[in-house]
$ cat start-v7.txt   # compact mmCIF, C-alpha atoms
# COMPACT_ATOMS: atom_id res chain seq x y z
CA MET A 26 -11.27 -39.57 48.65
CA LYS A 27 -13.48 -42.54 49.14
CA THR A 28 -10.39 -44.62 49.87
CA LEU A 29 -6.88 -44.42 48.57
CA LEU A 30 -6.64 -48.17 48.65
CA ASN A 31 -8.64 -48.44 45.35
CA LEU A 32 -5.96 -47.29 42.97
CA TRP A 33 -5.61 -50.87 41.61
CA LEU A 34 -8.19 -52.37 39.25
CA LEU A 35 -9.04 -55.97 38.49
CA VAL A 36 -10.03 -57.93 35.38
CA ILE A 37 -11.96 -61.18 35.84
CA ILE A 38 -10.92 -63.76 33.25
CA PRO A 39 -12.87 -67.04 33.41
CA PHE A 40 -11.22 -70.33 32.47
CA THR A 41 -11.75 -74.02 33.01
CA VAL A 42 -11.25 -75.54 36.44
CA PHE A 43 -7.74 -76.83 37.17
CA ALA A 44 -6.30 -74.90 34.24
CA GLN A 45 -3.19 -72.87 34.85
CA PRO A 46 -4.07 -69.54 36.50
CA SER A 47 -4.77 -66.76 34.03
CA VAL A 48 -2.16 -64.00 33.79
CA ASN A 49 -2.92 -60.49 32.57
CA THR A 50 -0.40 -57.64 32.41
CA VAL A 51 -2.30 -54.84 30.64
CA ASN A 52 -2.10 -52.33 33.50
CA SER A 53 0.09 -49.28 33.10
CA TYR A 54 1.12 -46.52 35.49
CA LEU A 55 1.49 -42.83 34.69
CA LYS A 56 2.77 -39.94 36.81
CA LEU A 57 2.00 -36.59 35.22
CA LYS A 58 2.69 -32.97 36.07
CA GLY A 59 1.23 -29.80 34.63
CA LYS A 60 -1.32 -27.06 35.24
CA ILE A 61 -5.03 -26.45 35.54
CA GLY A 62 -5.48 -23.00 34.09
CA GLU A 63 -2.44 -20.78 34.06
CA LYS A 64 -1.48 -20.87 37.75
CA LEU A 65 -2.56 -24.11 39.45
CA SER A 66 0.30 -26.62 39.28
CA VAL A 67 -0.82 -30.22 39.87
CA THR A 68 0.63 -33.74 40.03
CA MET A 69 -1.39 -36.80 39.05
CA ASP A 70 -0.81 -40.53 39.59
CA ILE A 71 -3.04 -42.93 37.63
CA ILE A 72 -3.26 -46.58 36.68
CA LYS A 73 -4.86 -47.49 33.35
CA GLN A 74 -6.30 -50.92 32.63
CA LYS A 75 -7.89 -52.37 29.54
CA GLU A 76 -11.04 -54.42 29.81
CA VAL A 77 -11.02 -57.93 28.39
CA SER A 78 -12.60 -56.67 25.16
CA GLY A 79 -9.84 -54.08 24.77
CA LYS A 80 -12.44 -51.48 23.73
CA LYS A 81 -12.44 -49.48 26.94
CA GLN A 82 -9.94 -48.69 29.67
CA SER A 83 -10.63 -47.93 33.28
CA ILE A 84 -8.54 -45.23 34.95
CA GLN A 85 -8.14 -44.69 38.67
CA GLY A 86 -5.73 -42.73 40.79
CA SER A 87 -5.30 -39.46 42.60
CA TYR A 88 -3.92 -35.97 42.09
CA TYR A 89 -2.88 -33.08 44.28
CA TYR A 90 -2.31 -29.35 43.96
CA ASP A 91 1.44 -28.85 44.36
CA ASN A 92 1.07 -25.98 46.83
CA ILE A 93 -1.22 -28.06 49.09
CA GLY A 94 -0.22 -31.70 48.58
CA ILE A 95 -3.46 -33.37 49.74
CA PRO A 96 -4.32 -36.37 47.50
CA ILE A 97 -7.76 -36.30 45.83
CA ASP A 98 -9.26 -39.51 44.43
CA ILE A 99 -10.13 -39.63 40.72
CA GLY A 100 -11.60 -42.40 38.58
CA GLY A 101 -13.32 -43.01 35.26
CA THR A 102 -12.92 -44.53 31.80
CA MET A 103 -11.08 -43.99 28.53
CA LYS A 104 -12.50 -44.91 25.10
CA GLU A 105 -10.78 -46.34 22.02
CA ASP A 106 -10.12 -42.82 20.69
CA ASN A 107 -8.19 -42.06 23.92
CA SER A 108 -10.83 -39.63 25.16
CA PHE A 109 -11.53 -39.90 28.88
CA GLU A 110 -13.68 -38.59 31.72
CA LEU A 111 -12.44 -38.71 35.32
CA THR A 112 -14.53 -37.77 38.33
CA GLU A 113 -12.89 -36.49 41.51
CA VAL A 114 -14.48 -37.08 44.91
CA ASP A 115 -13.94 -35.78 48.43
CA THR A 116 -13.54 -37.78 51.65
CA LYS A 117 -17.31 -38.32 51.87
CA GLY A 118 -17.74 -39.39 48.25
CA GLY A 119 -19.09 -36.06 47.00
CA VAL A 120 -18.15 -35.02 43.45
CA THR A 121 -15.79 -32.02 43.50
CA GLY A 122 -14.81 -31.83 39.83
CA THR A 123 -14.51 -33.61 36.49
CA PHE A 124 -11.57 -33.98 34.10
CA LYS A 125 -12.59 -34.42 30.44
CA GLY A 126 -10.01 -34.69 27.69
CA THR A 127 -7.72 -36.89 25.63
CA ILE A 128 -4.50 -38.80 26.20
CA ILE A 129 -2.15 -37.74 23.43
CA GLY A 130 0.36 -40.42 22.53
CA LYS A 131 1.55 -42.08 25.72
CA ALA A 132 2.78 -39.10 27.66
CA GLU A 133 0.29 -36.20 27.67
CA MET A 134 -3.23 -35.57 29.01
CA LYS A 135 -5.08 -32.52 27.79
CA GLY A 136 -8.61 -31.21 28.24
CA VAL A 137 -10.79 -29.25 30.66
CA TRP A 138 -11.50 -29.43 34.37
CA ILE A 139 -15.20 -28.78 35.10
CA ASN A 140 -16.47 -27.19 38.31
CA PRO A 141 -19.58 -29.22 39.36
CA LYS A 142 -21.37 -26.19 40.82
CA THR A 143 -20.68 -23.45 38.29
CA LYS A 144 -20.05 -25.75 35.26
CA LYS A 145 -17.11 -23.50 34.41
CA GLU A 146 -14.49 -25.25 32.25
CA THR A 147 -10.80 -24.61 32.89
CA PRO A 148 -8.14 -26.01 30.49
CA PHE A 149 -5.52 -28.41 31.83
CA ASP A 150 -2.38 -29.89 30.28
CA LEU A 151 -0.33 -32.64 31.98
CA THR A 152 2.87 -34.36 30.81
CA GLU A 153 4.32 -37.66 32.00
CA VAL A 154 7.40 -37.63 34.24
CA THR A 155 9.59 -40.71 34.76
CA GLN A 156 12.79 -39.41 36.35
CA ASN A 157 13.53 -39.92 40.06
CA ILE A 158 10.41 -42.00 40.74
CA ALA A 159 9.65 -45.70 40.99
CA LEU A 160 8.31 -47.51 37.92
CA PHE A 161 6.31 -50.72 37.96
CA ASP A 162 5.37 -53.93 36.22
CA PHE A 163 1.86 -55.28 36.80
CA GLU A 164 0.76 -58.89 37.01
CA GLU A 165 -2.73 -60.29 37.45
CA GLN A 166 -3.75 -63.89 38.00
CA SER A 167 -7.11 -65.48 38.67
CA GLN A 168 -8.52 -68.86 39.59
CA LYS A 169 -12.05 -70.23 39.38
CA TYR A 170 -13.38 -73.35 41.13
CA CYS A 171 -16.80 -74.78 40.26
CA ASP A 172 -16.80 -78.38 41.53
CA TYR A 173 -18.81 -77.52 44.65
CA ALA A 174 -21.38 -75.53 42.68
CA ASN A 175 -21.66 -78.14 39.92
CA ARG A 176 -22.28 -80.93 42.45
CA ASN A 177 -25.01 -78.88 44.07
CA LYS A 178 -26.69 -78.13 40.75
CA LYS A 179 -26.98 -81.88 40.13
CA SER A 180 -28.22 -82.64 43.65
CA THR A 181 -31.73 -83.99 44.18
CA LYS A 182 -32.04 -81.47 47.01
CA LYS A 183 -31.09 -78.49 44.86
CA ASP A 184 -34.40 -76.76 45.58
CA THR A 185 -33.32 -76.32 49.22
CA LEU A 186 -29.93 -74.81 48.37
CA SER A 187 -29.06 -71.18 48.95
CA TYR A 188 -28.10 -68.85 46.11
CA TYR A 189 -24.43 -69.04 47.06
CA ASP A 190 -24.43 -72.86 46.89
CA THR A 191 -24.73 -72.63 43.09
CA LEU A 192 -21.94 -70.11 42.49
CA CYS A 193 -18.35 -70.84 41.50
CA SER A 194 -15.64 -69.59 43.81
CA GLU A 195 -13.24 -67.09 42.27
CA MET A 196 -10.01 -65.40 43.32
CA ILE A 197 -8.20 -62.53 41.61
CA ILE A 198 -4.70 -61.40 42.53
CA ALA A 199 -3.33 -58.10 41.18
CA MET A 200 0.35 -57.54 41.94
CA ILE A 201 2.80 -54.67 41.52
CA HIS A 202 6.52 -55.21 41.00
CA VAL A 203 8.90 -52.27 41.50
CA LYS A 204 11.44 -52.51 38.69
CA ASN A 205 13.75 -49.51 38.26
CA LEU A 206 15.27 -48.79 41.67
CA LYS A 207 18.57 -50.21 42.88
CA PRO A 208 18.40 -54.03 42.67
CA ALA A 209 18.66 -54.49 46.45
CA ALA A 210 15.88 -51.95 47.06
CA CYS A 211 13.62 -53.58 44.45
CA THR A 212 14.18 -57.00 45.98
CA LYS A 213 13.47 -55.78 49.51
CA ILE A 214 10.28 -53.91 48.55
CA ASN A 215 8.90 -56.65 46.30
CA ASN A 216 9.54 -59.32 48.93
CA ILE A 217 7.73 -57.32 51.61
CA LEU A 218 4.73 -56.79 49.32
CA LEU A 219 4.60 -60.45 48.28
CA ASN A 220 4.98 -61.84 51.79
CA THR A 221 2.30 -59.48 53.10
CA LEU A 222 -0.13 -60.53 50.37
CA LEU A 223 0.48 -64.23 51.06
CA GLN A 224 -0.51 -63.88 54.72
CA MET A 225 -3.60 -61.71 54.22
CA GLY A 226 -7.12 -63.10 54.28
CA MET A 227 -9.66 -64.30 56.80
CA GLY A 228 -7.71 -67.25 58.20
CA GLU A 229 -4.38 -67.79 59.91
CA THR A 230 -2.71 -69.49 56.96
CA LYS A 231 0.41 -68.04 55.38
CA TYR A 232 0.79 -69.42 51.88
CA LYS A 233 4.16 -70.23 50.33
CA SER A 234 3.41 -69.02 46.79
CA ILE A 235 0.85 -67.21 44.67
CA ASN A 236 -0.09 -70.50 43.03
CA GLU A 237 -0.79 -72.09 46.43
CA LEU A 238 -2.93 -69.11 47.43
CA LEU A 239 -4.90 -69.25 44.17
CA HIS A 240 -5.67 -72.95 44.58
CA SER A 241 -6.70 -72.54 48.22
CA ILE A 242 -10.26 -72.00 46.96
CA ASP A 243 -10.23 -75.59 45.63
CA THR A 244 -10.29 -77.01 49.17
CA MET A 245 -12.28 -74.50 51.18
CA GLU A 246 -14.44 -76.05 53.88
CA ASP A 247 -15.58 -73.21 56.13
CA PHE A 248 -16.65 -71.06 53.18
CA PRO A 249 -17.51 -73.31 50.19
CA TYR A 250 -18.27 -70.15 48.18
CA SER A 251 -15.81 -67.28 48.06
CA ASP A 252 -15.36 -64.28 45.77
CA SER A 253 -12.06 -62.74 46.79
CA GLU A 254 -9.61 -60.15 45.50
CA TYR A 255 -6.04 -59.44 46.53
CA GLY A 256 -4.39 -56.30 45.24
CA MET A 257 -1.67 -53.71 45.52
CA SER A 258 -2.01 -49.97 45.04
CA VAL A 259 0.41 -47.13 44.34
CA ILE A 260 -0.63 -44.52 46.90
CA SER A 261 2.23 -42.01 46.71
CA ASN A 262 5.31 -42.01 44.46
CA GLU A 263 7.81 -39.22 45.00
CA ASP A 264 11.59 -39.02 44.56
CA ASN A 265 12.24 -39.73 48.24
CA ARG A 266 9.05 -41.52 49.34
CA LEU A 267 7.09 -44.47 47.97
CA CYS A 268 3.83 -45.69 49.51
CA ILE A 269 2.17 -48.90 48.36
CA SER A 270 -0.81 -50.66 49.94
CA VAL A 271 -1.63 -54.37 49.95
CA SER A 272 -5.36 -55.08 50.11
CA TYR A 273 -7.74 -57.98 50.61
CA TRP A 274 -11.49 -58.13 49.95
CA ALA A 275 -13.83 -61.11 50.09
CA ASN A 276 -17.51 -62.04 49.88
CA THR A 277 -18.17 -65.45 51.43
CA GLY A 278 -21.95 -65.27 51.37
CA GLY A 279 -22.40 -63.47 54.69
CA ALA A 280 -24.30 -60.30 55.50
CA HIS A 281 -21.76 -58.19 53.63
CA PRO A 282 -18.29 -58.47 52.09
CA ASN A 283 -15.29 -57.42 54.10
CA GLY A 284 -11.64 -56.54 53.63
CA TYR A 285 -8.69 -54.52 54.82
CA SER A 286 -5.46 -52.93 53.64
CA THR A 287 -1.92 -52.57 54.94
CA TYR A 288 0.11 -49.51 53.92
CA PHE A 289 3.90 -49.42 53.52
CA ASN A 290 6.00 -46.28 53.27
CA PHE A 291 9.35 -47.10 51.66
CA ASN A 292 12.64 -45.30 51.27
CA PRO A 293 13.13 -45.87 47.50
CA GLN A 294 16.91 -45.57 47.82
CA THR A 295 17.27 -48.43 50.29
CA GLY A 296 13.93 -50.25 50.21
CA ASP A 297 13.63 -49.86 53.98
CA THR A 298 10.18 -49.50 55.51
CA ILE A 299 9.53 -46.14 57.20
CA MET A 300 7.48 -46.54 60.39
CA LEU A 301 5.58 -43.76 62.13
CA LYS A 302 8.05 -43.83 65.03
CA ASP A 303 10.88 -43.25 62.54
CA ILE A 304 9.56 -39.88 61.41
CA LEU A 305 8.53 -38.42 64.78
CA ILE A 306 10.67 -36.14 66.89
CA ALA A 307 11.36 -37.66 70.31
CA GLY A 308 8.57 -36.91 72.78
CA ALA A 309 6.12 -35.75 70.08
CA ASN A 310 3.62 -38.63 70.33
CA ASP A 311 1.11 -36.74 72.48
CA SER A 312 1.27 -33.66 70.24
CA LEU A 313 0.62 -35.83 67.17
CA ALA A 314 -2.32 -37.55 68.88
CA ALA A 315 -3.89 -34.20 69.75
CA LYS A 316 -3.49 -32.87 66.19
CA ALA A 317 -4.80 -36.15 64.76
CA LYS A 318 -7.90 -36.16 66.96
CA ARG A 319 -8.75 -32.61 65.93
CA GLU A 320 -8.32 -33.34 62.21
CA PHE A 321 -10.30 -36.59 62.48
CA ILE A 322 -13.26 -34.77 64.02
CA LYS A 323 -13.01 -32.02 61.42
CA ALA A 324 -13.16 -34.59 58.59
CA ASN A 325 -15.55 -37.16 60.08
CA GLY A 326 -17.65 -35.53 62.79
CA SER A 327 -18.11 -35.97 66.52
CA LEU A 328 -16.54 -39.02 68.14
CA GLU A 329 -19.42 -39.44 70.58
CA GLU A 330 -22.36 -38.80 68.23
CA ASN A 331 -20.99 -41.15 65.58
CA ASP A 332 -19.58 -43.63 68.12
CA TRP A 333 -16.41 -43.82 66.03
CA PHE A 334 -14.43 -45.71 68.64
CA PHE A 335 -17.27 -47.63 70.29
CA GLY A 336 -17.17 -45.59 73.49
CA ASN A 337 -13.40 -45.71 73.77
CA GLU A 338 -10.78 -42.99 73.40
CA PHE A 339 -9.59 -41.76 70.01
CA LYS A 340 -7.10 -44.15 68.41
CA LEU A 341 -4.65 -43.25 65.66
CA ALA A 342 -4.93 -45.31 62.48
CA TYR A 343 -2.20 -47.85 61.84
CA ASN A 344 -2.11 -47.03 58.11
CA PHE A 345 -0.56 -43.73 57.12
CA VAL A 346 0.91 -42.08 54.02
CA ILE A 347 3.81 -39.63 53.91
CA ALA A 348 2.20 -37.45 51.26
CA LYS A 349 3.59 -34.36 49.56
CA GLY A 350 1.65 -32.00 51.81
CA GLY A 351 1.57 -33.85 55.11
CA LEU A 352 0.37 -37.10 56.66
CA LEU A 353 -2.73 -39.00 55.53
CA PHE A 354 -4.19 -41.54 57.97
CA GLN A 355 -6.51 -44.29 56.70
CA TYR A 356 -8.65 -46.62 58.84
CA ASN A 357 -9.89 -50.04 57.77
CA SER A 358 -13.51 -51.07 58.31
CA TYR A 359 -14.32 -51.59 62.01
CA GLU A 360 -11.13 -49.84 63.16
CA ALA A 361 -13.25 -46.71 63.48
CA GLY A 362 -17.03 -47.00 63.36
CA ALA A 363 -19.37 -49.73 62.21
CA TYR A 364 -19.09 -51.34 58.78
CA ALA A 365 -21.75 -49.03 57.36
CA MET A 366 -19.57 -46.03 58.29
CA GLY A 367 -16.98 -47.06 55.71
CA ALA A 368 -13.24 -46.55 56.07
CA PRO A 369 -12.68 -43.01 57.42
CA GLN A 370 -9.51 -41.04 56.85
CA PHE A 371 -8.08 -37.66 57.74
CA PHE A 372 -5.16 -35.47 56.70
CA ILE A 373 -2.74 -33.42 58.80
CA PRO A 374 -1.10 -30.69 56.66
CA LYS A 375 2.64 -30.27 57.10
CA LYS A 376 2.24 -26.75 58.51
CA GLU A 377 0.66 -28.46 61.55
CA LEU A 378 3.50 -30.96 61.87
CA HIS A 379 6.46 -28.70 62.59
CA GLY A 380 7.97 -29.71 65.92
CA ILE A 381 6.26 -33.12 65.61
CA VAL A 382 7.73 -34.69 62.46
CA LYS A 383 11.44 -34.63 61.66
CA PRO A 384 12.24 -31.84 59.15
CA GLU A 385 13.53 -34.23 56.47
CA TYR A 386 10.07 -35.80 56.24
CA LEU A 387 8.38 -32.44 55.68

$ encode --input "start-v7.txt" --output "structure tokens"
Amino acid sequence: MKTLLNLWLLVIIPFTVFAQPSVNTVNSYLKLKGKIGEKLSVTMDIIKQKEVSGKKQSIQGSYYYDNIGIPIDIGGTMKEDNSFELTEVDTKGGVTGTFKGTIIGKAEMKGVWINPKTKKETPFDLTEVTQNIALFDFEEQSQKYCDYANRNKKSTKKDTLSYYDTLCSEMIIAMIHVKNLKPAACTKINNILLNTLLQMGMGETKYKSINELLHSIDTMEDFPYSDSEYGMSVISNEDNRLCISVSYWANTGGAHPNGYSTYFNFNPQTGDTIMLKDILIAGANDSLAAKAKREFIKANGSLEENDWFFGNEFKLAYNFVIAKGGLLFQYNSYEAGAYAMGAPQFFIPKKELHGIVKPEYL
């Protein structure tokens, strides 16, 4: 997986300055179960989104082998005839397989999985499941502000301006609303997601509404140009666990863009947030840290040679996912390693977590 925080996709819809923010709700979520070949049972979670033209859909998500439970990132496109091609990647971005096939109706995916080394094609057939899982509505809004750029374009000193001084600022917000759980659970989860999104970003401001956040680009002073995206992602959706991330990304004309994500593990029955301390057996913190350090090194290489923690001791990531097969830990940029090192992650399989994690979470 490159990152599991990229399960949401965005559509940029331009419109005139000071118009009402654009709203787009073409995203759709699918959870599917089935087999690759005759024996390999798999579960797949994807989000489909139409482009503005409506002629092509992007698809992103993840899948796991039921007997292992480690999420694998997948992404690609679907054409008007419902044919698609999805590429799967490992933790370092290497291609580990390709799904090619067709979505039949609204509830079945069928085709072949292709081994990238041998080119062998293995049939797969997946069917949508909707019982005992969370379902979602999607909402996207965007805002564009060009006054600053337009003034600069008319300036007599325009030849001395930087490239970014002539660009419109733009913000895109992609939201997920849980809709089918108990009303109290839906309200609790949706409020947590909304409030988290409203206080993300590069400043200290906590906005009171989505509309106020969107129009914050109209009055920016420190960063007159900003291309920013706020989003939510479905990371894991099981009958007794729901993980959703809230993410922020921005380019303000500096050396490189930057962003971060916050993960939430929810109890779908109550809407309560499940913290790492909630799932650990008393006194198991040191054992978890030791297992985590070993798995991090296995996935990402030597701590010292890569200077993952800037000369300091190993530190457990704040973001984690209670996945089907164990615990996935995800770092944001700069939490482990320099920006160029990306956002590393590692997975601890549940067989390594006995005596560390409470049995009901395994």

$ atom_distance --input "start-v7.txt" --atom1 "atom CA of A:Phe335" --atom2 "atom CA of A:Leu305"
27.9 Å

$ closest_residue --input "start-v7.txt" --among "A:Thr221, A:Ser258, A:Ser53, A:Thr277" --to "A:Tyr189" --atoms "all atoms listed in the file"
A:Thr277

$ closest_residue --input "start-v7.txt" --among "A:Asp303, A:Glu320, A:Glu195, A:Glu229" --to "A:Trp274" --atoms "only C-alpha atoms"
A:Glu195

$ residues_near_point --input "start-v7.txt" --point "(3.6, -29.9, 59.3)" --cutoff "12 Å" --atoms "only C-alpha atoms" --output "JSON, numbers by chain"
{"A": [93, 94, 304, 305, 312, 313, 316, 317, 347, 348, 349, 350, 351, 352, 353, 372, 373, 374, 375, 376, 377, 378, 379, 380, 381, 382, 383, 384, 385, 386, 387]}

$ atom_distance --input "start-v7.txt" --atom1 "atom CA of A:Tyr54" --atom2 "atom CA of A:Lys73"
6.4 Å

$ atom_distance --input "start-v7.txt" --atom1 "atom CA of A:Tyr359" --atom2 "atom CA of A:Asn215"
28.5 Å
